[in-house]
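Here is the file query_12.txt (compact mmCIF, C-alpha atoms).
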# COMPACT_ATOMS: atom_id res chain seq x y z
CA LEU A 1 98.80 107.80 70.82
CA VAL A 2 95.21 109.00 71.12
CA GLU A 3 94.95 109.45 67.37
CA LYS A 4 96.38 105.98 66.77
CA LEU A 5 93.79 104.48 69.08
CA ARG A 6 90.96 106.27 67.31
CA GLU A 7 92.17 105.24 63.87
CA ASP A 8 92.13 101.49 64.60
CA THR A 9 88.40 100.74 64.66
CA GLU A 10 89.03 96.98 64.89
CA LEU A 11 91.48 97.10 67.81
CA GLN A 12 90.72 94.42 70.40
CA LYS A 13 93.55 94.51 72.95
CA VAL A 14 94.92 97.66 74.60
CA VAL A 15 97.66 97.68 77.26
CA LEU A 16 98.65 101.09 78.63
CA CYS A 17 101.28 101.20 81.39
CA PHE A 18 102.04 104.65 82.81
CA ASN A 19 103.12 103.69 86.32
CA TYR A 20 104.82 106.52 88.25
CA ILE A 21 104.83 108.91 85.28
CA LYS A 22 104.24 112.40 86.72
CA GLU A 23 102.98 113.75 83.42
CA CYS A 24 100.16 111.22 83.37
CA ASP A 25 97.53 113.35 85.08
CA ASP A 26 93.74 113.63 84.90
CA ALA A 27 93.80 115.46 81.58
CA ALA A 28 96.11 112.89 79.95
CA VAL A 29 94.04 109.94 81.14
CA ALA A 30 90.81 111.63 80.05
CA SER A 31 92.24 112.17 76.58
CA LEU A 32 93.32 108.53 76.31
CA ALA A 33 89.93 107.34 77.55
CA ARG A 34 88.11 109.29 74.88
CA GLY A 35 90.30 107.62 72.27
CA LEU A 36 89.39 104.04 73.19
CA PRO A 37 87.58 102.39 70.25
CA PRO A 38 84.40 100.44 71.13
CA SER A 39 85.89 97.32 69.49
CA VAL A 40 88.26 96.72 72.44
CA THR A 41 87.57 93.47 74.34
CA ASN A 42 90.78 93.33 76.43
CA LEU A 43 91.75 96.48 78.34
CA ASP A 44 94.71 96.82 80.72
CA ILE A 45 95.42 100.29 82.15
CA GLN A 46 98.10 100.76 84.81
CA LEU A 47 98.28 104.13 86.56
CA VAL A 48 100.15 103.19 89.73
CA GLY A 49 101.57 106.23 91.49
CA CYS A 50 100.30 108.68 88.87
CA PRO A 51 98.82 112.09 89.86
CA VAL A 52 95.30 111.07 88.90
CA GLY A 53 92.02 111.37 90.77
CA ASP A 54 88.33 110.78 90.42
CA SER A 55 87.94 113.09 87.42
CA ALA A 56 90.13 110.86 85.26
CA VAL A 57 88.38 107.72 86.46
CA GLU A 58 84.93 109.13 85.72
CA THR A 59 85.99 109.96 82.15
CA LEU A 60 87.46 106.48 81.75
CA ALA A 61 84.24 104.95 83.06
CA ALA A 62 82.15 107.02 80.66
CA ASN A 63 84.22 105.72 77.72
CA MET A 64 84.44 102.06 78.77
CA PRO A 65 84.22 99.78 75.69
CA PRO A 66 80.84 97.98 75.85
CA GLN A 67 82.03 94.47 74.91
CA LEU A 68 84.93 94.02 77.31
CA GLU A 69 85.85 90.44 78.18
CA SER A 70 88.98 91.23 80.17
CA LEU A 71 89.55 94.33 82.32
CA ALA A 72 92.59 95.21 84.41
CA ILE A 73 92.80 98.65 86.02
CA HIS A 74 95.52 99.42 88.54
CA PHE A 75 95.03 102.63 90.56
CA ASN A 76 97.46 101.78 93.39
CA ASP A 77 98.99 104.75 95.26
CA THR A 78 96.72 107.39 93.72
CA SER A 79 94.25 109.85 95.26
CA ILE A 80 91.18 108.06 93.89
CA THR A 81 88.21 107.89 96.28
CA ASP A 82 84.82 106.19 96.43
CA VAL A 83 83.61 108.53 93.68
CA GLY A 84 86.00 106.97 91.17
CA ALA A 85 85.40 103.42 92.39
CA VAL A 86 81.64 103.78 92.08
CA ALA A 87 82.00 105.28 88.59
CA ILE A 88 84.04 102.27 87.45
CA ALA A 89 81.51 99.88 88.98
CA LYS A 90 78.56 101.53 87.26
CA SER A 91 80.24 101.32 83.85
CA MET A 92 81.28 97.66 84.13
CA PRO A 93 79.99 95.58 81.19
CA SER A 94 78.38 92.26 82.12
CA SER A 95 80.50 90.49 79.47
CA ILE A 96 83.70 90.56 81.57
CA ALA A 97 85.26 87.16 82.34
CA ASP A 98 88.63 88.36 83.71
CA TYR A 99 88.29 91.11 86.32
CA ASP A 100 91.35 92.78 87.91
CA VAL A 101 90.74 96.03 89.82
CA ARG A 102 93.33 97.41 92.25
CA PHE A 103 93.00 100.31 94.71
CA HIS A 104 96.03 99.67 96.97
CA ASN A 105 96.61 102.68 99.26
CA CYS A 106 93.77 104.69 97.72
CA LYS A 107 91.13 106.67 99.63
CA VAL A 108 88.49 104.03 99.02
CA SER A 109 86.11 102.92 101.79
CA ASP A 110 83.41 100.26 102.00
CA VAL A 111 81.22 102.44 99.78
CA GLY A 112 83.49 102.13 96.74
CA ALA A 113 84.77 98.65 97.53
CA ILE A 114 81.25 97.24 97.88
CA ALA A 115 80.21 98.87 94.60
CA ILE A 116 83.16 97.17 92.87
CA SER A 117 82.42 93.84 94.58
CA GLN A 118 78.75 93.92 93.65
CA LYS A 119 79.74 93.89 89.98
CA LEU A 120 81.05 90.35 90.23
CA SER A 121 79.00 88.47 87.66
CA ALA A 122 78.14 84.86 86.89
CA GLY A 123 80.44 84.75 83.87
CA MET A 124 83.64 85.74 85.66
CA LYS A 125 86.37 83.10 85.76
CA SER A 126 89.31 85.13 87.10
CA ILE A 127 89.02 87.81 89.79
CA VAL A 128 91.64 90.07 91.39
CA LEU A 129 90.50 92.64 93.96
CA ASN A 130 93.07 94.78 95.75
CA PHE A 131 91.90 96.95 98.64
CA ALA A 132 95.14 96.71 100.64
CA GLY A 133 95.95 99.83 102.61
CA CYS A 134 92.37 101.13 102.36
CA ASP A 135 91.84 101.44 106.11
CA SER A 136 88.12 102.19 105.81
CA VAL A 137 87.40 98.86 104.13
CA SER A 138 85.82 96.35 106.52
CA ASP A 139 83.92 93.08 106.78
CA SER A 140 81.08 94.68 104.82
CA THR A 141 83.25 94.54 101.71
CA ALA A 142 84.31 90.95 102.39
CA LEU A 143 80.63 89.98 102.72
CA ALA A 144 79.86 91.69 99.39
CA VAL A 145 82.69 89.76 97.73
CA ALA A 146 81.41 86.49 99.18
CA GLU A 147 77.88 87.19 97.93
CA GLY A 148 79.17 87.94 94.42
CA LEU A 149 81.30 84.84 93.88
CA SER A 150 79.78 82.49 91.33
CA SER A 151 80.44 78.82 90.68
CA ALA A 152 82.32 79.71 87.46
CA VAL A 153 85.29 81.35 89.25
CA GLU A 154 88.52 79.40 88.76
CA SER A 155 91.08 81.92 90.04
CA LEU A 156 90.58 84.31 92.97
CA VAL A 157 93.07 86.81 94.41
CA ILE A 158 92.05 89.26 97.15
CA TYR A 159 94.20 91.79 99.01
CA PHE A 160 92.81 92.82 102.42
CA GLY A 161 96.09 93.79 104.10
CA GLY A 162 95.91 96.98 106.16
CA THR A 163 92.10 97.00 106.18
CA LYS A 164 89.55 96.46 108.96
CA VAL A 165 88.54 93.04 107.65
CA THR A 166 88.30 90.52 110.51
CA ASP A 167 87.80 86.80 110.94
CA VAL A 168 84.10 87.37 110.16
CA GLY A 169 84.96 88.59 106.67
CA LEU A 170 87.42 85.78 106.06
CA ALA A 171 84.85 83.20 107.17
CA ALA A 172 82.30 84.62 104.76
CA VAL A 173 84.72 84.41 101.84
CA ALA A 174 85.78 80.89 102.85
CA ALA A 175 82.17 79.72 102.94
CA ALA A 176 81.52 81.12 99.47
CA LEU A 177 84.55 79.69 97.68
CA PRO A 178 83.46 78.12 94.35
CA THR A 179 83.88 74.38 93.89
CA LYS A 180 85.68 74.89 90.57
CA LEU A 181 88.31 77.13 92.15
CA GLN A 182 91.83 76.15 91.06
CA HIS A 183 93.81 79.09 92.45
CA LEU A 184 93.24 81.06 95.64
CA THR A 185 95.42 83.82 97.09
CA LEU A 186 94.34 85.92 100.07
CA PHE A 187 96.63 88.62 101.44
CA TYR A 188 95.64 90.03 104.83
CA PRO A 189 98.76 91.17 106.76
CA ASN A 190 98.30 94.11 109.17
CA SER A 191 94.56 93.48 109.26
CA SER A 192 92.31 92.46 112.16
CA CYS A 193 92.34 88.80 111.14
CA THR A 194 93.64 86.17 113.54
CA ASP A 195 94.66 82.53 113.45
CA ALA A 196 90.98 81.63 113.87
CA GLY A 197 90.13 83.23 110.54
CA THR A 198 93.01 81.49 108.85
CA ALA A 199 91.89 78.15 110.29
CA VAL A 200 88.48 78.55 108.66
CA LEU A 201 90.17 78.87 105.27

Will you turn the file into C-alpha cells for me?
Amino acid sequence: LVEKLREDTELQKVVLCFNYIKECDDAAVASLARGLPPSVTNLDIQLVGCPVGDSAVETLAANMPPQLESLAIHFNDTSITDVGAVAIAKSMPSSIADYDVRFHNCKVSDVGAIAISQKLSAGMKSIVLNFAGCDSVSDSTALAVAEGLSSAVESLVIYFGGTKVTDVGLAAVAAALPTKLQHLTLFYPNSSCTDAGTAVL
C-alpha cells in the first residue's frame, strides 16, 4: 500500500480506514504517513481503537500534504495525548475547508484541544470537533472554539460529552455561531452543562 501511494504522484483523495485493527500500530501508521504524496487534497484517516500513540501522530503531522482542502482524522479510543494533538495542530495547512478531528476517549486535555481549536481558519465551511470522554477538557476549550469560528462556517458539530465544559462554554459557543450556519449539532451528555446552557442555545 505504501508503495502504491508513493507511485501515484497525482493522487488527490486518500481514505484509509483501519479501525480496531491490532496490527495497525505506530510503525505501520508512520510508514503510511511517509508514503503520502504531496498532491493529496482530501485526506481521511480512521484509526479508532488502534494501538497507536503520539509517535505515530507526530510522523503523520510531519508528512501532512501541504495543499489539503479536506482533513478527517479519527483517533477515538487510542492512547494519544496532548503531544499528538499539538503536533497535528502545528502541521495544519491554512487551505483546509472541511475539518474533522476526533479524540473521543483520548488522553487529551485543554492543552491539546485548544491547540486544535486555534487552527480554525477563516476559510473553513465544515467543522467537526470531538473531545467527548476527554475529562480534562473544560470551558477553556469551548472559548477557544468560539473565538475561532468564522462567518464562513455552514456546518458545525462539536462533542463535549463527558468533559468539564459548563454552561459558560456553551454560552460562548452560542454567542459565536456564524450567521450562515445551516447545520448545528452539539453533544454534551455527562458534562457539567445544565438546562440554563441549553436555553442559551

Distance query Ser151 of chain A at most 12 Å, all atoms listed in the file, self and fewer than 2 positions along chain excluded, as a PyMOL selection string: chain A and resi 120-126+146-149+153-156+176-182

Do you know which residues are at most 9 Å from segment 53-55 of chain A counting all atoms listed in the file, after dropping those on the same chain fewer than 6 positions away, and could you put them as a PyMOL selection string? chain A and resi 25-27+30+78-85+87

Neighbour list for Cys134 of chain A as a list in words, cut-off 8 Å, only C-alpha atoms, skip fewer than 6 positions in-chain: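 Once the nearby chain positions are removed, what remains is Phe103, His104, Asn105, Cys106, Lys107, Val108, Ser109, Gly162 and Thr163 of chain A.
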
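Our summary of the geometry notes that atom CA of Gly112 of chain A is positioned 19.6 Å from atom CA of Asp98 of chain A.
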
What gap, in Å, lies between atom CA of Val15 of chain A and atom CA of Ala115 of chain A?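 About the pair atom CA of Val15 of chain A and atom CA of Ala115 of chain A: they are 24.6 Å apart.
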
At what distance in Å, to one decimal, does atom CA of Ser39 of chain A lie from atom CA of Glu7 of chain A? 11.6 Å

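Proximity ranking of A:Tyr99, A:Phe18, A:Tyr159, A:Phe131 relative to Gln46 of chain A places A:Phe18 first, based on all atoms listed in the file.
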
Near-Gly197 of chain A list (10 Å; only C-alpha atoms; drop same-chain fewer than 6 positions) as an NGL selection string: :A and (166-172 or 174)

Using all atoms listed in the file, which residue out of A:Ile96, A:Ile73, A:Leu184, A:Val86 lies closest to Asn130 of chain A?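 For Asn130 of chain A, the nearest of the given residues is A:Ile73.
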
Set the distance at 9 Å and use only C-alpha atoms: which residues neighbour segment 62-69 of chain A once local chain neighbours fewer than 4 positions away are removed? I'd like the list as a PyMOL selection string. chain A and resi 33-43+57-58+87-88+91-99

Within 7 Å of (85.3, 94.3, 112.7) in the file's own coordinates, which protein, DNA or RNA residues have an atom, counting only C-alpha atoms? List them as a list in words.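 Counting only C-alpha atoms, I find these residues within 7 Å of (85.3, 94.3, 112.7): Ser138, Asp139, Lys164, Val165 and Thr166 of chain A.
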
Among listed residues A:Cys17, A:Val128, A:Val111, A:Val52, nearest Ala144 of chain A (using all atoms listed in the file):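 Going through A:Cys17, A:Val128, A:Val111, A:Val52 one by one, the smallest distance to Ala144 of chain A is for A:Val111.
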
Best match for closeness to Ser31 of chain A among A:Ile45, A:Val137, A:Leu201, A:Leu60, counting all atoms listed in the file: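 Residue with the minimum atom-to-atom distance to Ser31 of chain A: A:Leu60.
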